[in-house]
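**Student:** Structure file structure_0.cif, mmCIF, C-alpha atoms, is pasted below:
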data_query
loop_
_atom_site.label_atom_id
_atom_site.label_comp_id
_atom_site.auth_asym_id
_atom_site.auth_seq_id
_atom_site.Cartn_x
_atom_site.Cartn_y
_atom_site.Cartn_z
CA MET A 1471 -38.36 -0.17 -30.65
CA PHE A 1472 -37.53 -1.49 -34.08
CA ASP A 1473 -38.11 0.34 -37.34
CA SER A 1474 -38.38 -1.14 -40.80
CA VAL A 1475 -36.06 1.29 -42.57
CA TYR A 1476 -33.30 -0.31 -44.57
CA ARG A 1477 -29.76 0.98 -44.26
CA PRO A 1478 -28.25 1.89 -47.60
CA GLY A 1479 -24.58 1.61 -48.40
CA VAL A 1480 -22.01 -0.96 -49.34
CA ARG A 1481 -21.72 -3.99 -47.11
CA ASP A 1482 -18.23 -5.31 -46.41
CA SER A 1483 -17.52 -9.02 -46.19
CA SER A 1484 -16.23 -9.86 -42.75
CA ARG A 1485 -13.52 -12.44 -42.34
CA LEU A 1486 -13.78 -15.15 -39.71
CA THR A 1487 -12.23 -14.04 -36.45
CA ARG A 1488 -9.92 -16.34 -34.53
CA ARG A 1489 -12.61 -16.70 -31.88
CA ALA A 1490 -15.19 -17.59 -34.51
CA VAL A 1491 -12.99 -20.17 -36.23
CA PHE A 1492 -12.22 -21.57 -32.78
CA GLY A 1493 -15.89 -22.40 -32.38
CA LEU A 1494 -16.37 -24.45 -35.55
CA THR A 1495 -15.70 -27.81 -33.91
CA ALA A 1496 -19.32 -28.91 -33.76
CA ALA A 1497 -19.44 -28.96 -37.54
CA ALA A 1498 -16.35 -31.16 -37.65
CA LEU A 1499 -18.00 -34.06 -35.85
CA PRO A 1500 -19.16 -36.79 -38.23
CA LEU A 1501 -22.90 -37.18 -37.81
CA SER A 1502 -22.56 -40.96 -37.62
CA THR A 1503 -20.60 -40.62 -34.37
CA ALA A 1504 -22.72 -37.90 -32.80
CA THR A 1505 -23.71 -38.44 -29.16
CA PRO A 1506 -26.28 -36.79 -26.89
CA ALA A 1507 -25.22 -33.65 -25.10
CA SER A 1508 -24.53 -33.45 -21.41
CA ALA A 1509 -27.44 -32.36 -19.24
CA THR A 1510 -25.52 -29.52 -17.63
CA THR A 1511 -24.76 -26.07 -18.95
CA VAL A 1512 -24.30 -22.64 -17.45
CA ILE A 1513 -24.84 -20.65 -20.64
CA GLY A 1514 -27.41 -18.08 -19.58
CA GLY A 1515 -27.63 -19.33 -16.00
CA GLU A 1516 -27.90 -22.64 -14.21
CA ARG A 1517 -31.71 -22.54 -13.96
CA LEU A 1518 -31.92 -22.71 -17.73
CA ALA A 1519 -30.13 -26.06 -17.59
CA ARG A 1520 -32.98 -27.54 -15.57
CA GLY A 1521 -35.83 -29.41 -17.16
CA GLY A 1522 -39.40 -28.18 -16.96
CA VAL A 1523 -40.88 -24.73 -16.49
CA GLN A 1524 -38.67 -22.09 -14.88
CA VAL A 1525 -40.31 -18.93 -13.54
CA ARG A 1526 -40.18 -16.90 -10.34
CA GLY A 1527 -41.82 -13.82 -8.92
CA ALA A 1528 -44.90 -14.10 -11.13
CA THR A 1529 -47.89 -16.38 -11.53
CA GLY A 1530 -50.52 -17.13 -14.11
CA LEU A 1531 -48.43 -18.68 -16.87
CA PRO A 1532 -50.65 -20.01 -19.69
CA LYS A 1533 -51.72 -23.55 -18.82
CA LYS A 1534 -52.18 -24.90 -22.33
CA ILE A 1535 -48.60 -24.67 -23.57
CA THR A 1536 -47.82 -27.96 -25.30
CA ALA A 1537 -44.47 -26.97 -26.84
CA HIS A 1538 -41.59 -29.30 -26.05
CA ALA A 1539 -39.45 -26.22 -25.34
CA TRP A 1540 -40.03 -22.48 -25.12
CA LEU A 1541 -38.44 -19.28 -23.83
CA LEU A 1542 -39.64 -15.73 -23.13
CA ALA A 1543 -37.10 -12.92 -22.78
CA ASP A 1544 -36.84 -9.15 -22.60
CA CYS A 1545 -35.07 -8.11 -25.80
CA ALA A 1546 -33.40 -5.00 -24.39
CA SER A 1547 -32.01 -6.41 -21.16
CA GLY A 1548 -31.62 -10.02 -22.28
CA GLU A 1549 -33.36 -11.21 -19.09
CA VAL A 1550 -35.13 -14.54 -19.48
CA LEU A 1551 -38.50 -14.11 -17.79
CA ALA A 1552 -39.67 -17.72 -18.09
CA SER A 1553 -38.72 -20.86 -19.95
CA CYS A 1554 -39.29 -24.56 -20.34
CA ASP A 1555 -36.37 -26.83 -21.32
CA ALA A 1556 -34.58 -23.83 -22.78
CA HIS A 1557 -31.51 -25.80 -23.84
CA ARG A 1558 -33.30 -28.87 -25.14
CA ARG A 1559 -31.87 -29.66 -28.57
CA LEU A 1560 -34.55 -30.02 -31.23
CA ALA A 1561 -34.80 -29.75 -34.99
CA PRO A 1562 -35.15 -26.01 -35.74
CA ALA A 1563 -36.71 -26.03 -39.23
CA SER A 1564 -36.64 -22.63 -40.96
CA THR A 1565 -36.07 -20.68 -37.76
CA LEU A 1566 -32.42 -21.57 -38.42
CA LYS A 1567 -32.61 -19.08 -41.29
CA MET A 1568 -32.24 -16.37 -38.62
CA LEU A 1569 -28.68 -17.59 -38.07
CA PHE A 1570 -28.16 -17.75 -41.84
CA ALA A 1571 -29.27 -14.13 -42.16
CA ASP A 1572 -27.20 -12.96 -39.20
CA THR A 1573 -24.17 -14.63 -40.81
CA VAL A 1574 -24.56 -13.62 -44.46
CA LEU A 1575 -26.70 -10.47 -44.51
CA LYS A 1576 -23.79 -8.06 -44.18
CA LYS A 1577 -21.87 -9.66 -47.06
CA PHE A 1578 -23.77 -8.02 -49.92
CA ASP A 1579 -25.32 -4.64 -50.56
CA ARG A 1580 -29.07 -5.03 -50.99
CA THR A 1581 -28.99 -3.25 -54.37
CA GLU A 1582 -26.48 -5.71 -55.84
CA ARG A 1583 -27.86 -7.69 -58.78
CA TYR A 1584 -27.25 -11.37 -59.45
CA ARG A 1585 -28.23 -13.59 -62.39
CA VAL A 1586 -29.14 -17.02 -61.07
CA LYS A 1587 -27.51 -20.11 -62.58
CA ASP A 1588 -28.90 -23.64 -62.71
CA SER A 1589 -26.19 -24.77 -60.30
CA ASP A 1590 -27.36 -22.24 -57.69
CA VAL A 1591 -30.62 -24.10 -57.14
CA SER A 1592 -29.76 -27.63 -58.26
CA ASP A 1593 -28.99 -28.69 -54.69
CA VAL A 1594 -32.24 -27.45 -53.10
CA PRO A 1595 -33.74 -30.47 -51.29
CA ALA A 1596 -36.92 -31.95 -52.73
CA GLY A 1597 -39.97 -30.94 -50.72
CA SER A 1598 -38.49 -27.57 -49.74
CA SER A 1599 -40.48 -24.39 -49.33
CA LEU A 1600 -39.76 -22.22 -52.36
CA VAL A 1601 -40.25 -18.60 -53.32
CA GLY A 1602 -39.97 -19.37 -57.05
CA ILE A 1603 -36.40 -18.55 -58.07
CA LYS A 1604 -35.79 -19.22 -61.77
CA PRO A 1605 -32.35 -19.66 -63.36
CA GLY A 1606 -31.63 -16.99 -65.95
CA ILE A 1607 -33.50 -14.27 -64.07
CA THR A 1608 -31.58 -11.45 -62.41
CA TYR A 1609 -32.56 -10.61 -58.84
CA THR A 1610 -31.44 -7.94 -56.43
CA VAL A 1611 -30.03 -9.06 -53.11
CA GLU A 1612 -32.99 -7.34 -51.47
CA GLN A 1613 -35.39 -9.54 -53.45
CA LEU A 1614 -33.48 -12.67 -52.51
CA TRP A 1615 -33.71 -11.78 -48.82
CA GLN A 1616 -37.41 -11.08 -49.21
CA GLY A 1617 -37.68 -14.61 -50.57
CA VAL A 1618 -35.85 -15.91 -47.48
CA PHE A 1619 -37.82 -14.00 -44.86
CA LEU A 1620 -41.30 -13.78 -46.38
CA ARG A 1621 -41.64 -17.16 -48.07
CA SER A 1622 -38.93 -19.07 -46.22
CA GLY A 1623 -37.60 -19.94 -49.66
CA ASN A 1624 -34.87 -22.54 -49.57
CA ASP A 1625 -34.15 -21.66 -53.20
CA ALA A 1626 -33.35 -18.08 -52.17
CA VAL A 1627 -31.14 -19.37 -49.34
CA HIS A 1628 -29.17 -21.55 -51.74
CA VAL A 1629 -28.63 -18.72 -54.21
CA LEU A 1630 -27.28 -16.47 -51.45
CA ALA A 1631 -25.17 -19.32 -50.07
CA HIS A 1632 -23.60 -19.90 -53.50
CA MET A 1633 -22.99 -16.17 -53.82
CA ASN A 1634 -21.23 -16.47 -50.47
CA GLY A 1635 -18.85 -19.15 -51.75
CA GLY A 1636 -20.91 -22.29 -51.49
CA ILE A 1637 -22.91 -24.43 -49.09
CA ALA A 1638 -19.95 -25.84 -47.14
CA LYS A 1639 -18.39 -22.41 -46.60
CA THR A 1640 -21.72 -20.95 -45.51
CA VAL A 1641 -22.41 -23.81 -43.10
CA ALA A 1642 -18.94 -23.35 -41.59
CA GLU A 1643 -19.48 -19.62 -41.16
CA MET A 1644 -22.90 -20.20 -39.59
CA GLN A 1645 -21.37 -22.62 -37.10
CA ALA A 1646 -18.68 -20.06 -36.34
CA ARG A 1647 -21.32 -17.37 -35.81
CA ALA A 1648 -23.25 -19.68 -33.49
CA ALA A 1649 -20.08 -20.28 -31.48
CA ASP A 1650 -19.41 -16.56 -31.21
CA LEU A 1651 -23.00 -15.96 -30.10
CA GLN A 1652 -22.47 -18.72 -27.51
CA ALA A 1653 -25.28 -20.71 -29.08
CA LEU A 1654 -23.68 -23.98 -28.04
CA ASP A 1655 -26.80 -26.09 -28.56
CA THR A 1656 -26.73 -25.49 -32.30
CA HIS A 1657 -25.28 -27.85 -34.88
CA VAL A 1658 -25.61 -26.61 -38.46
CA VAL A 1659 -25.82 -29.08 -41.33
CA SER A 1660 -27.56 -27.00 -43.99
CA PRO A 1661 -28.11 -23.24 -44.26
CA ASP A 1662 -31.85 -23.50 -44.87
CA GLY A 1663 -32.98 -25.42 -41.77
CA PHE A 1664 -34.20 -28.38 -43.79
CA ASP A 1665 -34.38 -31.73 -42.01
CA HIS A 1666 -30.95 -33.38 -41.97
CA PRO A 1667 -29.52 -35.79 -39.40
CA GLY A 1668 -27.79 -33.83 -36.66
CA GLN A 1669 -29.28 -30.42 -37.49
CA LEU A 1670 -30.26 -29.11 -34.06
CA SER A 1671 -30.81 -25.97 -32.05
CA SER A 1672 -32.72 -24.90 -28.94
CA ALA A 1673 -35.23 -22.31 -27.79
CA TYR A 1674 -32.37 -20.50 -26.08
CA ASP A 1675 -30.16 -20.42 -29.17
CA LEU A 1676 -32.93 -19.38 -31.54
CA THR A 1677 -33.74 -16.47 -29.25
CA LEU A 1678 -30.06 -15.49 -29.29
CA PHE A 1679 -30.14 -15.48 -33.10
CA ALA A 1680 -33.22 -13.28 -33.18
CA ARG A 1681 -31.92 -10.82 -30.61
CA HIS A 1682 -28.59 -10.38 -32.38
CA GLY A 1683 -30.09 -10.27 -35.86
CA LEU A 1684 -32.56 -7.59 -34.86
CA LYS A 1685 -29.68 -5.22 -34.16
CA ASP A 1686 -29.38 -4.87 -37.93
CA ALA A 1687 -31.89 -2.56 -39.64
CA ASP A 1688 -32.09 -4.68 -42.79
CA PHE A 1689 -32.81 -7.82 -40.76
CA ARG A 1690 -35.60 -5.95 -38.95
CA GLY A 1691 -36.96 -4.60 -42.19
CA TYR A 1692 -37.09 -7.95 -43.94
CA CYS A 1693 -38.64 -9.92 -41.08
CA GLY A 1694 -41.31 -7.25 -40.62
CA THR A 1695 -42.28 -7.01 -44.30
CA ARG A 1696 -45.77 -8.36 -44.93
CA THR A 1697 -45.89 -8.42 -48.75
CA ALA A 1698 -43.55 -7.76 -51.64
CA ASP A 1699 -43.53 -7.97 -55.44
CA PHE A 1700 -41.22 -10.71 -56.68
CA PRO A 1701 -39.71 -11.04 -60.18
CA ALA A 1702 -41.35 -13.57 -62.50
CA GLY A 1703 -39.25 -12.86 -65.59
CA GLY A 1704 -39.20 -9.91 -67.96
CA LYS A 1705 -41.29 -7.12 -66.48
CA LYS A 1706 -43.68 -9.50 -64.75
CA THR A 1707 -43.92 -9.85 -60.98
CA PHE A 1708 -46.05 -11.76 -58.52
CA GLN A 1709 -46.88 -10.90 -54.93
CA ILE A 1710 -45.44 -12.86 -52.04
CA GLN A 1711 -46.81 -12.70 -48.50
CA ASN A 1712 -45.03 -13.34 -45.23
CA THR A 1713 -45.91 -16.78 -43.84
CA ASP A 1714 -45.76 -15.45 -40.25
CA ARG A 1715 -49.44 -15.67 -39.40
CA LEU A 1716 -49.23 -13.39 -36.36
CA LEU A 1717 -47.73 -10.71 -38.59
CA THR A 1718 -50.22 -10.95 -41.45
CA GLY A 1719 -53.32 -12.28 -39.73
CA SER A 1720 -54.17 -15.37 -41.77
CA TRP A 1721 -55.33 -18.98 -41.46
CA GLY A 1722 -57.79 -18.08 -38.74
CA LEU A 1723 -55.45 -15.88 -36.72
CA GLY A 1724 -55.56 -12.15 -36.17
CA VAL A 1725 -52.59 -9.82 -36.34
CA TYR A 1726 -50.85 -9.73 -32.95
CA GLN A 1727 -50.66 -6.15 -31.68
CA GLY A 1728 -47.10 -4.87 -31.73
CA LEU A 1729 -45.59 -7.92 -33.44
CA PHE A 1730 -42.73 -7.15 -35.87
CA GLY A 1731 -41.50 -10.69 -36.86
CA VAL A 1732 -39.23 -12.67 -36.52
CA LYS A 1733 -39.19 -16.14 -38.20
CA ASN A 1734 -41.37 -19.21 -38.42
CA GLY A 1735 -40.69 -22.70 -39.70
CA TYR A 1736 -42.11 -26.13 -40.34
CA THR A 1737 -40.74 -29.50 -41.37
CA SER A 1738 -42.24 -32.95 -41.03
CA HIS A 1739 -39.58 -33.82 -38.46
CA ALA A 1740 -39.45 -30.57 -36.50
CA GLY A 1741 -43.12 -29.82 -36.62
CA ASN A 1742 -43.78 -26.12 -36.10
CA THR A 1743 -41.21 -23.72 -34.69
CA PHE A 1744 -41.42 -19.97 -34.24
CA THR A 1745 -39.52 -17.06 -32.78
CA GLY A 1746 -41.63 -13.94 -32.50
CA GLY A 1747 -41.02 -10.44 -31.18
CA ALA A 1748 -43.46 -7.74 -30.14
CA THR A 1749 -43.29 -4.26 -28.64
CA ARG A 1750 -45.89 -2.75 -26.31
CA GLY A 1751 -45.61 0.23 -24.03
CA GLY A 1752 -41.95 0.70 -24.92
CA ARG A 1753 -41.05 -2.86 -23.95
CA THR A 1754 -39.93 -5.50 -26.46
CA LEU A 1755 -40.27 -9.21 -25.75
CA LEU A 1756 -38.99 -12.22 -27.66
CA VAL A 1757 -40.60 -15.66 -27.54
CA THR A 1758 -39.41 -18.92 -29.06
CA VAL A 1759 -41.77 -21.89 -29.20
CA MET A 1760 -40.61 -25.29 -30.48
CA HIS A 1761 -42.65 -28.35 -31.39
CA PRO A 1762 -46.17 -27.90 -30.01
CA ASP A 1763 -48.08 -31.16 -29.84
CA SER A 1764 -50.45 -30.53 -32.72
CA GLY A 1765 -52.15 -28.01 -34.95
CA SER A 1766 -50.58 -25.69 -37.49
CA ASN A 1767 -51.77 -22.65 -35.54
CA ALA A 1768 -50.65 -23.94 -32.13
CA VAL A 1769 -47.15 -22.45 -32.41
CA TYR A 1770 -48.65 -19.01 -33.00
CA GLU A 1771 -51.38 -19.34 -30.39
CA GLU A 1772 -48.87 -20.43 -27.75
CA THR A 1773 -46.50 -17.61 -28.75
CA ALA A 1774 -49.33 -15.09 -28.42
CA ALA A 1775 -50.31 -16.50 -25.02
CA LEU A 1776 -46.75 -16.22 -23.71
CA LEU A 1777 -46.41 -12.68 -25.06
CA ASP A 1778 -49.70 -11.72 -23.40
CA TRP A 1779 -48.40 -13.10 -20.11
CA GLY A 1780 -45.07 -11.32 -20.54
CA PHE A 1781 -46.71 -7.95 -21.12
CA GLY A 1782 -49.17 -8.59 -18.27
CA LYS A 1783 -48.54 -10.72 -15.21
CA GLY A 1784 -45.01 -11.45 -16.35
CA SER A 1785 -44.05 -7.83 -15.80
CA SER A 1786 -43.29 -8.73 -12.17
CA ALA A 1787 -41.24 -11.82 -13.06
CA GLN A 1788 -37.71 -12.03 -11.75
CA PRO A 1789 -35.21 -13.32 -14.33
CA VAL A 1790 -34.39 -17.02 -14.35
CA GLY A 1791 -31.48 -16.49 -16.71
CA THR A 1792 -30.08 -14.20 -19.35
CA LEU A 1793 -29.37 -14.10 -23.07
CA VAL A 1794 -25.60 -13.81 -23.14
CA ASP A 1795 -23.65 -11.41 -25.34
CA PRO A 1796 -21.47 -12.59 -28.25
CA LEU A 1797 -17.83 -13.27 -27.45
CA SER A 1798 -16.79 -10.79 -30.13
CA GLU A 1799 -18.86 -8.10 -28.43
CA GLY A 1800 -17.48 -8.54 -24.95
CA GLY A 1801 -19.48 -11.52 -23.77
CA ALA A 1802 -17.89 -13.65 -21.08
CA SER A 1803 -16.29 -16.85 -22.33
CA PRO A 1804 -18.15 -20.06 -21.51
CA SER A 1805 -17.07 -21.78 -18.32
CA PRO A 1806 -15.40 -25.21 -18.55
CA SER A 1807 -18.62 -26.93 -17.52
CA ALA A 1808 -20.55 -25.12 -20.23
CA ALA A 1809 -18.00 -26.00 -22.86
CA LYS A 1810 -17.90 -29.60 -21.73
CA GLY A 1811 -21.60 -30.22 -22.05
CA ALA A 1812 -23.15 -27.58 -24.06
CA ALA A 1813 -26.81 -28.00 -24.00
CA GLY A 1814 -29.15 -29.53 -22.01
CA ALA A 1815 -31.97 -31.25 -22.05
CA SER A 1816 -34.07 -33.56 -20.21
CA GLY A 1817 -33.68 -35.95 -23.10
CA THR A 1818 -33.46 -35.13 -26.76
CA GLY A 1819 -37.07 -35.96 -27.45
CA ALA A 1820 -38.12 -35.34 -31.02
CA ALA A 1821 -34.61 -34.39 -31.94
CA ALA A 1822 -33.27 -37.88 -31.50
CA GLY A 1823 -34.36 -39.39 -34.76
CA SER A 1824 -32.88 -42.41 -36.43
CA GLY A 1825 -31.91 -40.90 -39.76
CA SER A 1826 -28.77 -42.15 -41.44
CA SER A 1827 -25.86 -39.80 -41.84
CA GLY A 1828 -25.28 -41.20 -45.32
CA SER A 1829 -23.22 -39.62 -48.03
CA SER A 1830 -25.55 -36.82 -49.04
CA PRO A 1831 -24.26 -33.43 -50.19
CA TRP A 1832 -25.01 -32.20 -46.66
CA ALA A 1833 -22.57 -34.68 -45.16
CA PHE A 1834 -19.92 -33.11 -47.37
CA ALA A 1835 -21.08 -29.66 -46.28
CA GLY A 1836 -20.59 -30.67 -42.68
CA ALA A 1837 -17.19 -32.05 -43.55
CA GLY A 1838 -16.26 -28.76 -45.21
CA ALA A 1839 -17.24 -26.94 -42.06
CA GLY A 1840 -15.23 -29.41 -40.06
CA ALA A 1841 -12.13 -28.74 -42.09
CA LEU A 1842 -12.29 -25.10 -41.11
CA ALA A 1843 -13.03 -26.08 -37.53
CA LEU A 1844 -9.71 -27.85 -37.21
CA LEU A 1845 -8.06 -24.45 -37.40
CA GLY A 1846 -9.46 -23.66 -33.98
CA GLY A 1847 -7.97 -26.48 -31.96
CA GLY A 1848 -7.61 -26.31 -28.20
CA ALA A 1849 -9.28 -27.94 -25.23
CA TRP A 1850 -12.53 -26.02 -25.54
CA ALA A 1851 -12.90 -27.19 -29.12
CA VAL A 1852 -12.25 -30.79 -28.13
CA GLN A 1853 -15.02 -30.55 -25.57
CA ARG A 1854 -17.35 -29.07 -28.17
CA ARG A 1855 -17.01 -32.24 -30.23
CA ARG A 1856 -19.10 -34.04 -27.62
CA ARG A 1857 -22.12 -31.83 -28.23
CA ALA A 1858 -23.52 -32.98 -31.54
CA ALA A 1859 -26.58 -35.18 -31.47
CA ALA A 1860 -28.15 -37.19 -34.26
CA ALA A 1861 -31.56 -36.20 -35.55
CA GLY A 1862 -33.94 -38.07 -37.82
CA SER A 1863 -34.65 -37.05 -41.36
CA GLY A 1864 -37.96 -35.65 -42.56
CA SER A 1865 -39.58 -34.42 -45.71
CA GLY A 1866 -38.87 -30.73 -45.30
CA ASP A 1867 -40.31 -27.26 -45.17
CA THR A 1868 -43.67 -26.52 -46.68
CA PRO A 1869 -44.76 -23.24 -48.25
CA VAL A 1870 -47.41 -22.75 -45.56
CA SER A 1871 -44.98 -22.73 -42.65
#
How does this structure look as structure tokens?

**Tutor:**
Amino acid sequence: MFDSVYRPGVRDSSRLTRRAVFGLTAAALPLSTATPASATTVIGGERLARGGVQVRGATGLPKKITAHAWLLADCASGEVLASCDAHRRLAPASTLKMLFADTVLKKFDRTERYRVKDSDVSDVPAGSSLVGIKPGITYTVEQLWQGVFLRSGNDAVHVLAHMNGGIAKTVAEMQARAADLQALDTHVVSPDGFDHPGQLSSAYDLTLFARHGLKDADFRGYCGTRTADFPAGGKKTFQIQNTDRLLTGSWGLGVYQGLFGVKNGYTSHAGNTFTGGATRGGRTLLVTVMHPDSGSNAVYEETAALLDWGFGKGSSAQPVGTLVDPLSEGGASPSPSAAKGAAGASGTGAAAGSGSSGSSPWAFAGAGAGALALLGGGAWAVQRRRRAAAAGSGSGDTPVS
């Protein structure tokens, strides 16, 4: 269904729409005053607000799924075939980079060249996964995105964020994009997905990000690229490989037939997270798996098991919900009850850490996003302020995520 051909041509920067700015409120909430979300939402259907496994019309779901939350959906129709705690808010790790890409990718032509400055990477958190960006070297935008998608490089994210006007502006735009996509479980603190108090998403929202991002040919091309040559200075290059183990077949896993991406992640707080997509027999399925109990391969094994079920016994499943369309593309506005308590969850589980909100650069980034959010105003925005939840801090992404 998806090809890996890049679309040439100049990309135009898109200004924030009134609807998008209207949805920035979550970023305006100080992390120190964040409170758990309500347990009721109708985004995607009332069954997705329930705790536990949701499935109907099909049997034989994999029994050894340990993930705290997961979701399986048909990419074309948006039908959710099965889920477990779909709206549970958890730390997303680098899967949040899908939202970053969906927000920023159209801003720059992939052939544009940029010489990296020290200040572009000086704010990359210690312990981050890195692709190896070096100040003084000139990179194409295409190479920077390869660093984001293949190596989950936080250094590449920060360079692109600074090209986009800075961390605070990028965080604000990501929160606006999430609001437009009706990803109401998501609270963005940093553009890279690194562990920061209050940085949360859900299996439902991450699947929304993947589905919308995959509409863009460049997004599809990057997330499906297995290897690339990356600049090392002068005429030297080094090879980088995609850390998606189902795509490349590594660390004891084979390549999953039909898989084309999308994004994996790992932090010490989030554990392993993954959104994967595969096409078989003309049908494309998306799976998001968050926080399996243990094992670095568990997130991939559980994704593969759910995909196998979806292409097999799950073919007879009746939908338990739907992936909604963006507001800017004709999606229905959230109902009052959805706006009042955006995400659900039978508890916040691993997301409810004890980290301090502090006065880190990321607190200022959130404040910058909040300043833009005030432009939205209105009752719906006021209700959105109640959504943010505090999350504990962790050490951050690793290169083997």

**Student:** Can you work out which one of A:Ile1637, A:Asp1655, A:Leu1717, A:Thr1536 has the shortest atom-to-atom distance to Gly1765 (chain A), counting all atoms listed in the file?

**Tutor:**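 For Gly1765 (chain A), the nearest of the candidates is A:Thr1536.
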
**Student:** In Å, with one decimal, what is the gap from CA of Thr1713 (chain A) to CA of Glu1612 (chain A)?

**Tutor:**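 Going from CA of Thr1713 (chain A) over to CA of Glu1612 (chain A) covers 17.7 Å.
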
**Student:** Once you count only C-alpha atoms, which residues end up no further than 6 Å from (-33.6, -10.8, -28.5) in the file's frame, shown as a PyMOL selection string?

**Tutor:** chain A and resi 1545+1677-1678+1680-1681+1756

**Student:** Put those residues in a file: C-alpha atoms, as a PDB file, in the coordinates of the input.

**Tutor:**
ATOM      1  CA  CYS A1545     -35.070  -8.110 -25.800  1.00  0.00           C
ATOM      2  CA  THR A1677     -33.740 -16.470 -29.250  1.00  0.00           C
ATOM      3  CA  LEU A1678     -30.060 -15.490 -29.290  1.00  0.00           C
ATOM      4  CA  ALA A1680     -33.220 -13.280 -33.180  1.00  0.00           C
ATOM      5  CA  ARG A1681     -31.920 -10.820 -30.610  1.00  0.00           C
ATOM      6  CA  LEU A1756     -38.990 -12.220 -27.660  1.00  0.00           C
TER       7      LEU A1756
END

**Student:** Where does the PyMOL selection byres ((chain A and resi 1617-1626) around 7) land in this file, that is, which residues does it pick, as a ChimeraX atom specification?

**Tutor:** /A:1564,1591,1594,1598-1601,1603,1613-1616,1627-1630,1662,1692-1693,1710-1713,1869

**Student:** If you keep C-alpha atoms, can you produce a file of those selected residues as a compact mmCIF listing (two decimals), in the coordinates of the input?

**Tutor:**
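The new file selection.txt reads:
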# COMPACT_ATOMS: atom_id res chain seq x y z
CA SER A 1564 -36.64 -22.63 -40.96
CA VAL A 1591 -30.62 -24.10 -57.14
CA VAL A 1594 -32.24 -27.45 -53.10
CA SER A 1598 -38.49 -27.57 -49.74
CA SER A 1599 -40.48 -24.39 -49.33
CA LEU A 1600 -39.76 -22.22 -52.36
CA VAL A 1601 -40.25 -18.60 -53.32
CA ILE A 1603 -36.40 -18.55 -58.07
CA GLN A 1613 -35.39 -9.54 -53.45
CA LEU A 1614 -33.48 -12.67 -52.51
CA TRP A 1615 -33.71 -11.78 -48.82
CA GLN A 1616 -37.41 -11.08 -49.21
CA VAL A 1627 -31.14 -19.37 -49.34
CA HIS A 1628 -29.17 -21.55 -51.74
CA VAL A 1629 -28.63 -18.72 -54.21
CA LEU A 1630 -27.28 -16.47 -51.45
CA ASP A 1662 -31.85 -23.50 -44.87
CA TYR A 1692 -37.09 -7.95 -43.94
CA CYS A 1693 -38.64 -9.92 -41.08
CA ILE A 1710 -45.44 -12.86 -52.04
CA GLN A 1711 -46.81 -12.70 -48.50
CA ASN A 1712 -45.03 -13.34 -45.23
CA THR A 1713 -45.91 -16.78 -43.84
CA PRO A 1869 -44.76 -23.24 -48.25

**Student:** Please identify all polymer residues lying at most 8 Å from the point (-43.4, -14.5, -20.9) (file coordinates), using only C-alpha atoms, and present the result as a list in words.

**Tutor:**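 Here the neighbourhood of the point contains Leu1531, Leu1541, Leu1542, Ala1543, Leu1551, Ala1552, Ser1553, Leu1755, Val1757, Leu1776, Leu1777, Asp1778, Trp1779, Gly1780, Phe1781 and Gly1784 of chain A.
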
**Student:** Starting from the displayed file, determine the output of the PyMOL selection byres ((chain A and resi 1786) around 9) and express the residue list as a ChimeraX atom specification.

**Tutor:** /A:1526-1529,1780,1782-1785,1787-1788

**Student:** Pull out every residue that the PyMOL selection byres ((chain A and resi 1660) around 9) matches in the shown coordinates and put them as JSON, numbers by chain.

**Tutor:** {"A": [1637, 1638, 1640, 1641, 1658, 1659, 1661, 1662, 1663, 1664, 1665, 1666, 1669, 1832, 1835, 1836]}

**Student:** Quick one: pull the distance between CA of Tyr1674 (chain A) and CA of Phe1730 (chain A), Å, one decimal.

**Tutor:** 19.5 Å

**Student:** What is the distance, in Å and to one decimal place, between CA of Leu1793 (chain A) and CA of Leu1716 (chain A)?

**Tutor:** 23.9 Å

**Student:** Find, counting all atoms listed in the file, the residue in A:Gly1606, A:Pro1595, A:Gly1530, A:Pro1562 that gets nearest to Gly1703 (chain A).

**Tutor:** A:Gly1606

**Student:** I want to know what sits within 6 Å of Phe1744 (chain A), based on all atoms listed in the file, with residues of the same chain fewer than 5 positions away left out; could you give that as a ChimeraX atom specification?

**Tutor:** /A:1733-1734,1758-1759

**Student:** Write the residues of the preceding selection, restricted to C-alpha atoms, as an mmCIF file, keeping the file's coordinate frame.

**Tutor:**
data_model
loop_
_atom_site.group_PDB
_atom_site.id
_atom_site.type_symbol
_atom_site.label_atom_id
_atom_site.label_comp_id
_atom_site.auth_asym_id
_atom_site.auth_seq_id
_atom_site.Cartn_x
_atom_site.Cartn_y
_atom_site.Cartn_z
ATOM 1 C CA LYS A 1733 -39.190 -16.140 -38.200
ATOM 2 C CA ASN A 1734 -41.370 -19.210 -38.420
ATOM 3 C CA THR A 1758 -39.410 -18.920 -29.060
ATOM 4 C CA VAL A 1759 -41.770 -21.890 -29.200
#

**Student:** At a cut-off of 10 Å, using only C-alpha atoms, what residues contact Thr1718 (chain A)? Leave out same-chain residues fewer than 4 positions from it and give the result as a PyMOL selection string.

**Tutor:** chain A and resi 1694-1697+1711-1714+1723-1726+1729+1731
